[in-house]
file coords27.cif (mmCIF, C-alpha atoms)
data_query
loop_
_atom_site.label_atom_id
_atom_site.label_comp_id
_atom_site.auth_asym_id
_atom_site.auth_seq_id
_atom_site.Cartn_x
_atom_site.Cartn_y
_atom_site.Cartn_z
CA MET A 1 -7.74 10.80 -38.87
CA GLU A 2 -6.32 12.66 -35.89
CA THR A 3 -7.74 11.59 -32.53
CA ARG A 4 -8.88 14.41 -30.28
CA ILE A 5 -7.47 13.87 -26.78
CA PRO A 6 -9.93 14.63 -23.96
CA PRO A 7 -9.12 17.49 -21.57
CA LEU A 8 -6.46 16.65 -18.98
CA GLN A 9 -8.77 17.81 -16.16
CA ALA A 10 -11.39 15.29 -17.25
CA LEU A 11 -8.85 12.48 -17.44
CA ARG A 12 -7.47 13.29 -13.99
CA ALA A 13 -11.00 13.45 -12.56
CA PHE A 14 -11.81 10.05 -14.06
CA GLU A 15 -8.59 8.45 -12.77
CA ALA A 16 -9.13 9.72 -9.23
CA ALA A 17 -12.81 8.75 -9.15
CA ALA A 18 -12.14 5.33 -10.67
CA ARG A 19 -9.33 4.62 -8.21
CA THR A 20 -11.25 5.72 -5.10
CA LEU A 21 -14.73 4.74 -6.36
CA SER A 22 -15.94 8.01 -4.89
CA PHE A 23 -16.61 11.41 -6.46
CA LYS A 24 -16.23 12.96 -3.00
CA ALA A 25 -12.81 11.38 -2.37
CA ALA A 26 -11.66 12.36 -5.86
CA ALA A 27 -12.79 15.93 -5.25
CA GLU A 28 -10.86 16.12 -1.98
CA GLU A 29 -7.74 14.75 -3.68
CA LEU A 30 -7.92 17.24 -6.56
CA HIS A 31 -9.08 20.15 -4.38
CA VAL A 32 -12.36 20.71 -6.25
CA THR A 33 -16.03 20.06 -5.49
CA PRO A 34 -17.82 16.73 -6.12
CA GLY A 35 -19.99 18.63 -8.61
CA ALA A 36 -16.88 19.59 -10.58
CA ILE A 37 -15.77 15.95 -10.69
CA SER A 38 -19.20 14.89 -11.92
CA GLN A 39 -19.11 17.58 -14.62
CA GLN A 40 -15.65 16.53 -15.83
CA ILE A 41 -16.77 12.88 -15.97
CA LYS A 42 -19.76 13.92 -18.10
CA VAL A 43 -17.45 15.81 -20.46
CA LEU A 44 -15.32 12.68 -20.84
CA GLU A 45 -18.31 10.37 -21.31
CA ASP A 46 -19.81 12.68 -23.94
CA GLN A 47 -16.55 12.85 -25.90
CA LEU A 48 -15.92 9.09 -25.73
CA GLY A 49 -19.54 8.19 -26.34
CA VAL A 50 -19.53 5.58 -23.57
CA ARG A 51 -20.71 5.37 -20.00
CA LEU A 52 -17.86 5.16 -17.48
CA PHE A 53 -19.68 4.88 -14.15
CA ILE A 54 -22.83 3.22 -12.89
CA ARG A 55 -24.32 5.53 -10.28
CA ARG A 56 -25.82 3.73 -7.30
CA THR A 57 -27.62 5.35 -4.34
CA ARG A 58 -24.52 5.48 -2.15
CA ALA A 59 -21.75 4.23 -4.41
CA ILE A 60 -20.42 4.20 -7.94
CA GLU A 61 -19.22 1.27 -10.03
CA LEU A 62 -16.95 1.12 -13.06
CA THR A 63 -18.33 -0.01 -16.39
CA ASP A 64 -16.39 -2.51 -18.49
CA GLU A 65 -15.15 0.34 -20.68
CA ALA A 66 -13.85 2.23 -17.64
CA ARG A 67 -12.03 -0.85 -16.30
CA ALA A 68 -10.32 -1.33 -19.65
CA MET A 69 -9.29 2.33 -19.90
CA LEU A 70 -8.02 2.84 -16.34
CA PRO A 71 -4.65 0.94 -16.36
CA PRO A 72 -3.23 2.49 -19.57
CA LEU A 73 -4.53 5.92 -18.56
CA ARG A 74 -2.81 5.65 -15.18
CA ARG A 75 0.45 4.71 -16.89
CA GLY A 76 0.09 7.60 -19.31
CA LEU A 77 -0.53 10.15 -16.55
CA ALA A 78 2.48 8.83 -14.64
CA GLU A 79 4.70 9.18 -17.71
CA LEU A 80 3.35 12.68 -18.33
CA ALA A 81 4.09 13.68 -14.73
CA SER A 82 7.58 12.21 -15.01
CA ALA A 83 8.26 14.11 -18.24
CA VAL A 84 7.11 17.42 -16.77
CA GLU A 85 9.09 16.77 -13.61
CA SER A 86 12.30 16.06 -15.52
CA VAL A 87 12.02 19.38 -17.36
CA GLY A 88 10.94 21.44 -14.36
CA ARG A 89 13.40 20.10 -11.84
CA GLY A 90 16.14 18.68 -13.96
CA ALA A 91 16.57 14.93 -14.31
CA PRO A 92 16.89 13.38 -10.83
CA SER A 93 20.39 12.11 -10.16
CA GLY A 94 22.90 11.43 -7.42
CA ARG A 95 22.85 9.28 -4.31
CA LEU A 96 19.59 8.84 -2.43
CA LYS A 97 19.29 7.01 0.89
CA VAL A 98 15.89 5.58 1.79
CA LEU A 99 15.01 4.14 5.21
CA THR A 100 12.05 1.76 5.67
CA PRO A 101 10.78 -0.95 8.04
CA PRO A 102 12.45 -4.31 7.24
CA SER A 103 9.29 -6.21 6.27
CA PHE A 104 8.06 -3.39 4.03
CA ALA A 105 11.38 -3.34 2.19
CA ALA A 106 11.61 -7.11 1.72
CA ARG A 107 7.98 -7.87 0.92
CA TRP A 108 6.72 -4.78 -0.90
CA LEU A 109 9.41 -2.33 -1.96
CA VAL A 110 12.31 -4.45 -3.27
CA PRO A 111 10.24 -6.34 -5.90
CA ARG A 112 9.13 -2.96 -7.31
CA LEU A 113 12.50 -1.20 -7.30
CA PRO A 114 13.44 -2.23 -10.88
CA ARG A 115 10.64 0.05 -12.10
CA PHE A 116 12.13 2.99 -10.19
CA THR A 117 15.62 2.25 -11.55
CA ALA A 118 14.28 2.01 -15.10
CA ARG A 119 12.56 5.40 -14.81
CA PHE A 120 15.39 7.16 -12.95
CA PRO A 121 18.63 5.44 -14.01
CA ASP A 122 20.82 8.29 -12.74
CA VAL A 123 19.64 7.95 -9.13
CA ASP A 124 22.00 5.86 -6.99
CA LEU A 125 19.49 4.41 -4.52
CA ARG A 126 20.77 3.17 -1.15
CA LEU A 127 18.13 1.27 0.84
CA ALA A 128 18.43 0.82 4.60
CA THR A 129 15.99 -0.79 7.05
CA SER A 130 15.27 -0.15 10.71
CA LEU A 131 12.56 -1.00 13.22
CA GLN A 132 12.81 2.65 14.25
CA ALA A 133 10.70 3.42 11.19
CA ILE A 134 7.77 1.80 13.05
CA ASP A 135 5.94 3.96 15.59
CA LYS A 136 5.98 2.85 19.20
CA ARG A 137 3.57 4.01 21.89
CA ASP A 138 5.45 7.26 22.08
CA VAL A 139 6.52 8.56 18.66
CA ARG A 140 9.34 10.47 20.33
CA GLU A 141 11.00 7.13 21.10
CA ASN A 142 11.48 6.72 17.36
CA LEU A 143 12.48 9.15 14.65
CA GLY A 144 10.59 12.12 16.08
CA THR A 145 11.38 15.13 13.92
CA THR A 146 14.91 13.96 13.08
CA PRO A 147 15.71 10.70 11.24
CA ALA A 148 17.60 8.07 13.22
CA THR A 149 20.08 8.12 10.35
CA PRO A 150 20.48 11.83 9.48
CA GLU A 151 21.68 11.05 5.97
CA ALA A 152 18.35 9.35 5.08
CA GLU A 153 16.53 11.66 2.69
CA VAL A 154 13.32 9.62 2.45
CA VAL A 155 11.79 7.56 5.25
CA VAL A 156 8.86 5.16 4.89
CA ARG A 157 7.16 4.97 8.26
CA PHE A 158 4.49 2.67 9.67
CA GLY A 159 2.42 4.54 12.19
CA ARG A 160 -0.07 7.28 12.90
CA GLY A 161 1.07 9.84 10.32
CA ASP A 162 1.48 12.65 12.84
CA TYR A 163 5.07 13.73 12.16
CA PRO A 164 5.70 17.45 12.81
CA GLY A 165 8.47 18.82 10.66
CA TRP A 166 8.08 16.17 7.95
CA ILE A 167 6.53 16.36 4.48
CA THR A 168 4.25 13.33 4.64
CA ALA A 169 2.12 11.43 2.10
CA HIS A 170 -0.13 8.44 2.86
CA LEU A 171 0.70 5.24 0.97
CA PHE A 172 -1.77 2.62 2.18
CA SER A 173 -3.46 1.27 5.30
CA PRO A 174 -2.95 -2.50 5.38
CA ALA A 175 -5.61 -4.99 6.38
CA TYR A 176 -4.49 -8.16 8.15
CA ALA A 177 -5.76 -11.59 7.12
CA PRO A 178 -4.85 -15.22 7.90
CA VAL A 179 -2.42 -16.79 5.42
CA CYS A 180 -0.97 -20.28 5.22
CA ALA A 181 0.73 -22.78 2.96
CA PRO A 182 -1.66 -23.98 0.22
CA GLY A 183 -1.29 -27.53 1.55
CA LEU A 184 -3.25 -26.62 4.67
CA LEU A 185 -6.36 -26.08 2.56
CA GLY A 186 -6.55 -29.87 2.31
CA GLY A 187 -5.41 -32.77 4.45
CA ALA A 188 -6.90 -34.19 7.65
CA HIS A 189 -8.13 -30.82 8.93
CA PRO A 190 -8.63 -28.56 5.89
CA LEU A 191 -9.03 -24.83 6.53
CA GLN A 192 -12.55 -24.20 5.32
CA SER A 193 -13.93 -21.99 8.11
CA PRO A 194 -12.44 -20.04 11.04
CA ASP A 195 -13.47 -22.85 13.38
CA ASP A 196 -10.91 -25.10 11.64
CA LEU A 197 -8.11 -22.94 13.06
CA ARG A 198 -8.39 -24.95 16.29
CA TRP A 199 -6.50 -27.76 14.54
CA HIS A 200 -3.56 -25.60 13.44
CA PRO A 201 -0.82 -23.61 15.22
CA LEU A 202 -1.24 -19.84 15.09
CA ILE A 203 1.98 -18.04 14.16
CA HIS A 204 2.59 -14.81 16.10
CA ASP A 205 4.52 -11.71 15.02
CA ASP A 206 6.42 -10.12 17.92
CA THR A 207 8.48 -7.77 15.75
CA VAL A 208 7.40 -4.84 17.91
CA PRO A 209 5.99 -6.29 21.15
CA ASP A 210 4.45 -3.03 22.38
CA LEU A 211 2.76 -2.15 19.09
CA GLU A 212 -0.82 -2.02 20.40
CA GLU A 213 -2.35 -0.79 17.15
CA ARG A 214 -1.32 -3.84 15.14
CA PRO A 215 -4.21 -6.35 14.94
CA THR A 216 -3.75 -9.54 16.95
CA TRP A 217 -5.09 -13.05 16.60
CA LEU A 218 -7.39 -12.36 19.56
CA GLN A 219 -8.94 -9.41 17.73
CA TRP A 220 -9.29 -11.29 14.44
CA LEU A 221 -10.93 -14.29 16.11
CA ALA A 222 -13.37 -12.01 17.92
CA LEU A 223 -14.28 -10.44 14.57
CA ALA A 224 -14.74 -13.94 13.11
CA GLY A 225 -17.06 -14.92 15.97
CA MET A 226 -14.52 -17.26 17.59
CA PRO A 227 -13.44 -15.34 20.73
CA ASP A 228 -12.93 -18.50 22.80
CA LEU A 229 -10.49 -20.24 20.46
CA PRO A 230 -7.06 -20.50 22.20
CA THR A 231 -4.50 -18.09 20.78
CA ARG A 232 -1.39 -18.78 22.89
CA ARG A 233 -0.31 -21.90 21.03
CA GLY A 234 2.02 -21.67 18.06
CA PRO A 235 5.51 -20.26 17.38
CA ARG A 236 6.42 -16.61 17.95
CA PHE A 237 8.95 -14.65 15.87
CA ASP A 238 10.50 -11.22 16.34
CA ASP A 239 10.95 -10.80 12.58
CA ALA A 240 7.98 -10.39 10.23
CA GLY A 241 9.95 -12.06 7.44
CA LEU A 242 10.31 -15.20 9.56
CA VAL A 243 6.57 -15.15 10.22
CA VAL A 244 5.86 -15.30 6.48
CA ALA A 245 8.60 -17.92 5.94
CA ALA A 246 7.10 -20.13 8.67
CA ALA A 247 3.66 -19.85 7.11
CA MET A 248 5.02 -20.77 3.65
CA ALA A 249 6.77 -23.77 5.24
CA GLY A 250 3.45 -25.05 6.55
CA GLN A 251 4.24 -24.48 10.23
CA GLY A 252 0.89 -22.87 10.94
CA VAL A 253 -1.34 -19.94 10.05
CA ALA A 254 -0.03 -16.35 10.22
CA LEU A 255 -1.90 -13.07 10.47
CA ALA A 256 -0.20 -10.95 7.83
CA ALA A 257 -0.64 -7.57 6.16
CA ARG A 258 -2.24 -8.27 2.79
CA PRO A 259 -0.13 -5.86 0.69
CA LEU A 260 3.09 -7.40 2.04
CA VAL A 261 2.14 -10.96 1.04
CA SER A 262 0.20 -10.30 -2.18
CA ALA A 263 3.12 -11.52 -4.33
CA GLU A 264 3.36 -14.81 -2.42
CA ILE A 265 -0.40 -15.34 -2.74
CA ALA A 266 -0.33 -14.56 -6.48
CA ALA A 267 2.57 -16.99 -6.96
CA GLY A 268 0.81 -19.78 -5.05
CA ARG A 269 3.36 -19.85 -2.22
CA LEU A 270 0.72 -18.69 0.25
CA ALA A 271 -3.05 -18.99 0.38
CA GLU A 272 -5.67 -16.85 2.11
CA PRO A 273 -8.18 -19.40 3.44
CA PHE A 274 -10.79 -16.85 4.56
CA SER A 275 -11.86 -13.53 3.05
CA LEU A 276 -12.18 -11.85 6.45
CA ALA A 277 -9.54 -9.20 7.19
CA ILE A 278 -9.12 -6.78 10.07
CA PRO A 279 -7.88 -3.23 9.41
CA SER A 280 -4.92 -1.67 11.18
CA ARG A 281 -5.04 1.74 12.80
CA PHE A 282 -1.51 2.24 11.51
CA ALA A 283 -0.65 3.04 7.89
CA TYR A 284 2.45 3.38 5.73
CA PHE A 285 3.59 6.93 4.99
CA VAL A 286 6.42 8.25 2.81
CA CYS A 287 8.10 11.10 4.68
CA LEU A 288 10.67 13.69 3.69
CA PRO A 289 12.56 15.85 6.17
CA ALA A 290 12.62 19.53 5.28
CA THR A 291 16.18 19.19 4.03
CA SER A 292 14.98 16.88 1.22
CA ALA A 293 12.14 19.10 0.02
CA SER A 294 14.17 20.57 -2.84
CA ARG A 295 16.08 17.44 -3.87
CA PRO A 296 14.81 16.14 -7.24
CA ALA A 297 15.83 12.55 -6.42
CA ALA A 298 13.91 12.54 -3.11
CA LEU A 299 10.84 14.10 -4.72
CA ALA A 300 11.01 11.63 -7.61
CA PHE A 301 11.09 8.70 -5.18
CA ARG A 302 8.21 10.16 -3.17
CA ASP A 303 6.08 10.56 -6.29
CA TRP A 304 7.04 7.15 -7.69
CA ILE A 305 6.28 5.18 -4.52
CA SER A 306 2.97 7.03 -4.17
CA GLU A 307 2.06 5.99 -7.73
CA GLU A 308 2.96 2.37 -6.95
CA ALA A 309 0.75 2.40 -3.86
CA ARG A 310 -2.17 3.94 -5.77
CA SER A 311 -1.75 1.43 -8.58
CA GLU A 312 -2.04 -1.50 -6.18
CA SER A 313 -5.01 -0.06 -4.29
CA GLY A 314 -6.76 0.57 -7.60
CA SER A 315 -6.11 -2.84 -9.10
#
call {"tool": "encode", "arguments": {"input": "coords27.cif", "output": "structure tokens"}}
result
Amino acid sequence: METRIPPLQALRAFEAAARTLSFKAAAEELHVTPGAISQQIKVLEDQLGVRLFIRRTRAIELTDEARAMLPPLRRGLAELASAVESVGRGAPSGRLKVLTPPSFAARWLVPRLPRFTARFPDVDLRLATSLQAIDKRDVRENLGTTPATPEAEVVVRFGRGDYPGWITAHLFSPAYAPVCAPGLLGGAHPLQSPDDLRWHPLIHDDTVPDLEERPTWLQWLALAGMPDLPTRRGPRFDDAGLVVAAAMAGQGVALAARPLVSAEIAAGRLAEPFSLAIPSRFAYFVCLPATSASRPAALAFRDWISEEARSESGS
């Protein structure tokens, strides 16, 4: 018996609402009204014969059926978009140079690149890293409206998102949380509460010394109700990768961006002793200069990395 596929509009409305857990946010993303999202969800629920959302007073929750349906639906929509793109633009091919911050490349992007290569085998990706992809106090000190390396066709930037002359899409806003070697959860002074940090060195990230918007240990401790705990002790590194390496080696506790250490936590190389995290006023953005707007390879990378970021935020 042939299965009747629900309308694409209803499926897209469900995916956006399920990912953001907000009919309003889904409506803004799809450029419709919240009422239209609600109507499309009802169409889908009626056709499937199941309830997909639990409506609360000020929030929505996914049902078990919705949680089970979301991952394969997201993959299906991504494949559909890729198929349409390959026909409309021609299969992406040729050399593509991407510039990103070093820690983003090493900790987040590189482990995911095999999926990009598998989807776009004809794209010859060249990845470069630079601290200039991180905003300083004055954006003009950095890339401004012209990439530091003019041949870079895609730039992932960590900053405010105000980049005149660029085609910009938000990836994610990281929250910072303490991380450490799993061994520090036990021992003579186990990390069970923020107060236990007084027994351990605090590892500091000085990658960009004048980056005021990046959360500091002083700010996190104030949020945790421990404003008087000394923060000066502990090693300092001018490379975020060394900060994570020192934490994995048991040299202290680091304040790290959750998305950039999620793989180490999942693999048991790092542990997050407390659930408290502090948000950053900076975010990661994928940016294309105007010269890349018509390049299929650049657009394919932009769309792919955006899908990867949404997939993680929705998991």
call {"tool": "resolve_selection", "arguments": {"input": "coords27.cif", "expression": "the PyMOL selection byres ((chain A and resi 206) around 12)", "output": "list in words"}}
result
Leu131, Ile203, His204, Asp205, Thr207, Val208, Pro209, Asp210, Leu211, Glu212, Arg214, Pro215, Thr216, Trp217, Pro235, Arg236, Phe237, Asp238, Asp239, Ala240, Gly241, Leu242, Val243, Ala254 and Leu255 of chain A
call {"tool": "resolve_selection", "arguments": {"input": "coords27.cif", "expression": "the PyMOL selection byres ((chain A and resi 100-104) around 12)", "output": "PyMOL selection string"}}
result
chain A and resi 97-99+105-112+126-135+143+147-149+152-159+171-172+174+205+207-208+238-245+256-261+283-287
call {"tool": "atom_distance", "arguments": {"input": "coords27.cif", "atom1": "atom CA of Val253 of chain A", "atom2": "atom CA of Leu184 of chain A"}}
result
8.8 Å
call {"tool": "atom_distance", "arguments": {"input": "coords27.cif", "atom1": "atom CA of Ser262 of chain A", "atom2": "atom CA of Glu307 of chain A"}}
result
17.3 Å
call {"tool": "closest_residue", "arguments": {"input": "coords27.cif", "among": "A:Leu8, A:Leu223, A:Leu185, A:Val179", "to": "Ala246 of chain A", "atoms": "all atoms listed in the file"}}
result
A:Val179
call {"tool": "residues_around", "arguments": {"input": "coords27.cif", "residues": "Gly268 of chain A", "least_positions_apart": "6", "cutoff": "10 Å", "atoms": "all atoms listed in the file", "output": "list in words"}}
result
Ala181, Pro182, Met248 and Ser262 of chain A
call {"tool": "closest_residue", "arguments": {"input": "coords27.cif", "among": "A:Glu15, A:Glu29, A:Glu61, A:Asp122", "to": "Leu73 of chain A", "atoms": "all atoms listed in the file"}}
result
A:Glu15
call {"tool": "residues_around", "arguments": {"input": "coords27.cif", "residues": "Ile278 of chain A", "least_positions_apart": "4", "cutoff": "7 Å", "atoms": "all atoms listed in the file", "output": "ChimeraX atom specification"}}
result
/A:175-177,215,220
call {"tool": "write_last_selection", "arguments": {"input": "coords27.cif", "atoms": "C-alpha atoms", "output": "short mmCIF file (atom, residue, chain, number, x, y, z; two decimals), in the frame of the given file"}}
result
data_model
loop_
_atom_site.label_atom_id
_atom_site.label_comp_id
_atom_site.auth_asym_id
_atom_site.auth_seq_id
_atom_site.Cartn_x
_atom_site.Cartn_y
_atom_site.Cartn_z
CA ALA A 175 -5.61 -4.99 6.38
CA TYR A 176 -4.49 -8.16 8.15
CA ALA A 177 -5.76 -11.59 7.12
CA PRO A 215 -4.21 -6.35 14.94
CA TRP A 220 -9.29 -11.29 14.44
#
call {"tool": "atom_distance", "arguments": {"input": "coords27.cif", "atom1": "atom CA of Gln219 of chain A", "atom2": "atom CA of Ile265 of chain A"}}
result
23.0 Å
call {"tool": "resolve_selection", "arguments": {"input": "coords27.cif", "expression": "the PyMOL selection byres ((chain A and resi 45) around 12)", "output": "PDB file with C-alpha atoms, keeping the file's coordinate frame"}}
result
ATOM      1  CA  PRO A   6      -9.930  14.630 -23.960  1.00  0.00           C
ATOM      2  CA  PRO A   7      -9.120  17.490 -21.570  1.00  0.00           C
ATOM      3  CA  ALA A  10     -11.390  15.290 -17.250  1.00  0.00           C
ATOM      4  CA  LEU A  11      -8.850  12.480 -17.440  1.00  0.00           C
ATOM      5  CA  ALA A  13     -11.000  13.450 -12.560  1.00  0.00           C
ATOM      6  CA  PHE A  14     -11.810  10.050 -14.060  1.00  0.00           C
ATOM      7  CA  SER A  38     -19.200  14.890 -11.920  1.00  0.00           C
ATOM      8  CA  GLN A  39     -19.110  17.580 -14.620  1.00  0.00           C
ATOM      9  CA  GLN A  40     -15.650  16.530 -15.830  1.00  0.00           C
ATOM     10  CA  ILE A  41     -16.770  12.880 -15.970  1.00  0.00           C
ATOM     11  CA  LYS A  42     -19.760  13.920 -18.100  1.00  0.00           C
ATOM     12  CA  VAL A  43     -17.450  15.810 -20.460  1.00  0.00           C
ATOM     13  CA  LEU A  44     -15.320  12.680 -20.840  1.00  0.00           C
ATOM     14  CA  ASP A  46     -19.810  12.680 -23.940  1.00  0.00           C
ATOM     15  CA  GLN A  47     -16.550  12.850 -25.900  1.00  0.00           C
ATOM     16  CA  LEU A  48     -15.920   9.090 -25.730  1.00  0.00           C
ATOM     17  CA  GLY A  49     -19.540   8.190 -26.340  1.00  0.00           C
ATOM     18  CA  VAL A  50     -19.530   5.580 -23.570  1.00  0.00           C
ATOM     19  CA  ARG A  51     -20.710   5.370 -20.000  1.00  0.00           C
ATOM     20  CA  LEU A  52     -17.860   5.160 -17.480  1.00  0.00           C
ATOM     21  CA  PHE A  53     -19.680   4.880 -14.150  1.00  0.00           C
ATOM     22  CA  ILE A  54     -22.830   3.220 -12.890  1.00  0.00           C
ATOM     23  CA  THR A  63     -18.330  -0.010 -16.390  1.00  0.00           C
ATOM     24  CA  GLU A  65     -15.150   0.340 -20.680  1.00  0.00           C
ATOM     25  CA  ALA A  66     -13.850   2.230 -17.640  1.00  0.00           C
TER      26      ALA A  66
END
call {"tool": "residues_around", "arguments": {"input": "coords27.cif", "residues": "segment 293-301 of chain A", "least_positions_apart": "3", "cutoff": "10 Å", "atoms": "all atoms listed in the file", "output": "short mmCIF file (atom, residue, chain, number, x, y, z; two decimals) with C-alpha atoms, keeping the file's coordinate frame"}}
result
data_model
loop_
_atom_site.label_atom_id
_atom_site.label_comp_id
_atom_site.auth_asym_id
_atom_site.auth_seq_id
_atom_site.Cartn_x
_atom_site.Cartn_y
_atom_site.Cartn_z
CA SER A 82 7.58 12.21 -15.01
CA GLU A 85 9.09 16.77 -13.61
CA SER A 86 12.30 16.06 -15.52
CA GLY A 88 10.94 21.44 -14.36
CA ARG A 89 13.40 20.10 -11.84
CA GLY A 90 16.14 18.68 -13.96
CA ALA A 91 16.57 14.93 -14.31
CA PRO A 92 16.89 13.38 -10.83
CA SER A 93 20.39 12.11 -10.16
CA GLY A 94 22.90 11.43 -7.42
CA ARG A 95 22.85 9.28 -4.31
CA LEU A 96 19.59 8.84 -2.43
CA LYS A 97 19.29 7.01 0.89
CA VAL A 98 15.89 5.58 1.79
CA PHE A 116 12.13 2.99 -10.19
CA ARG A 119 12.56 5.40 -14.81
CA PHE A 120 15.39 7.16 -12.95
CA ASP A 122 20.82 8.29 -12.74
CA VAL A 123 19.64 7.95 -9.13
CA ASP A 124 22.00 5.86 -6.99
CA LEU A 125 19.49 4.41 -4.52
CA ALA A 152 18.35 9.35 5.08
CA GLU A 153 16.53 11.66 2.69
CA VAL A 154 13.32 9.62 2.45
CA VAL A 155 11.79 7.56 5.25
CA TRP A 166 8.08 16.17 7.95
CA ILE A 167 6.53 16.36 4.48
CA VAL A 286 6.42 8.25 2.81
CA CYS A 287 8.10 11.10 4.68
CA LEU A 288 10.67 13.69 3.69
CA PRO A 289 12.56 15.85 6.17
CA ALA A 290 12.62 19.53 5.28
CA TRP A 304 7.04 7.15 -7.69
CA ILE A 305 6.28 5.18 -4.52
CA SER A 306 2.97 7.03 -4.17
CA GLU A 307 2.06 5.99 -7.73
#
call {"tool": "residues_near_point", "arguments": {"input": "coords27.cif", "point": "(-13.4, -22.7, 19.2)", "cutoff": "9 Å", "atoms": "all atoms listed in the file", "output": "PyMOL selection string"}}
result
chain A and resi 194-198+226-230
call {"tool": "closest_residue", "arguments": {"input": "coords27.cif", "among": "A:Ser275, A:Gly252, A:Ala263, A:Ile5", "to": "Ala224 of chain A", "atoms": "only C-alpha atoms"}}
result
A:Ser275
call {"tool": "closest_residue", "arguments": {"input": "coords27.cif", "among": "A:Thr168, A:Thr117, A:Gln192, A:Ser22", "to": "Phe274 of chain A", "atoms": "all atoms listed in the file"}}
result
A:Gln192
